[in-house]
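Trainee: To start, I am sharing the structure in question, which I have written as structure tokens.
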Amino acid sequence: MSVFYFEIVDAKPNIPCVGENLPSLAAARCFALKYAALLLCDQGEMFWEGEEWVMTVTDANRLTMFTIMICATAAPATLNLKKLS
């Protein structure tokens with residue numbers, strides 16, 4: 001097992017870095033996707049305002065293993081829907 005750290009850059013509200021013992025890099029990638037999906041759902045409307053969302057995953061030595069970057073932008077057709085709700 002290896003320790004992997006999952007850190008979200010510039011999150012509002014601040015999300016603390018999470019460390020997980022995982023058996024492999026493949027397991028860390030799978031965990032990162034699941035964790036990212038959970039956090040993005042919890043952030044709701046803040047995520048849809050067009051800010052880039054970045055998760056950096058490092059190993060026990062704090063060497064970057066990979067980065068996930070996500071940015072969402074609402075289509076113009078949905079902008080009027082937001083005003084109606």
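Residue names in the structure tokens use chain letters A, B, ... in the order shown, residue numbers from 1 in each chain, and ligand numbers from 1 in the order shown.
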Can you check which residues of chain A DSSP gives as alpha helix (DSSP H) on the backbone and send them as number ranges by chain?
Mentor: A: 25-43, 76-84
Trainee: Report as a list in words all protein, DNA and RNA residues lying within 12 Å of Ile8 (chain A), evaluated on only C-alpha atoms, omitting residues in the same chain fewer than 6 positions from it.
Mentor: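 Non-adjacent residues within range: Asn14, Ile15, Pro16, Cys17, Val18, Ala32, Tyr35, Ala36, Leu39, Leu40, Glu52, Trp53, Val54, Met55, Thr56, Val57, Thr58, Thr67, Ile68, Met69 and Ile70 of chain A.
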Trainee: Considering only C-alpha atoms, can you say which of A:Asn61, A:Cys71, A:Asn21, A:Phe6 comes closest to Leu33 (chain A)?
Mentor: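 Among A:Asn61, A:Cys71, A:Asn21, A:Phe6, it is A:Phe6 that comes nearest to Leu33 (chain A).
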Trainee: Write out as a VMD selection string the set of residues from region 28-57 of chain A that DSSP, computed on the backbone, places in strand (DSSP E or B).
Mentor: chain A and resid 53 to 57
Trainee: Excluding same-chain residues fewer than 4 positions from Leu22 (chain A), what lies within 8 Å of it counting only C-alpha atoms, as a PyMOL selection string?
Mentor: chain A and resi 1-4+27-28
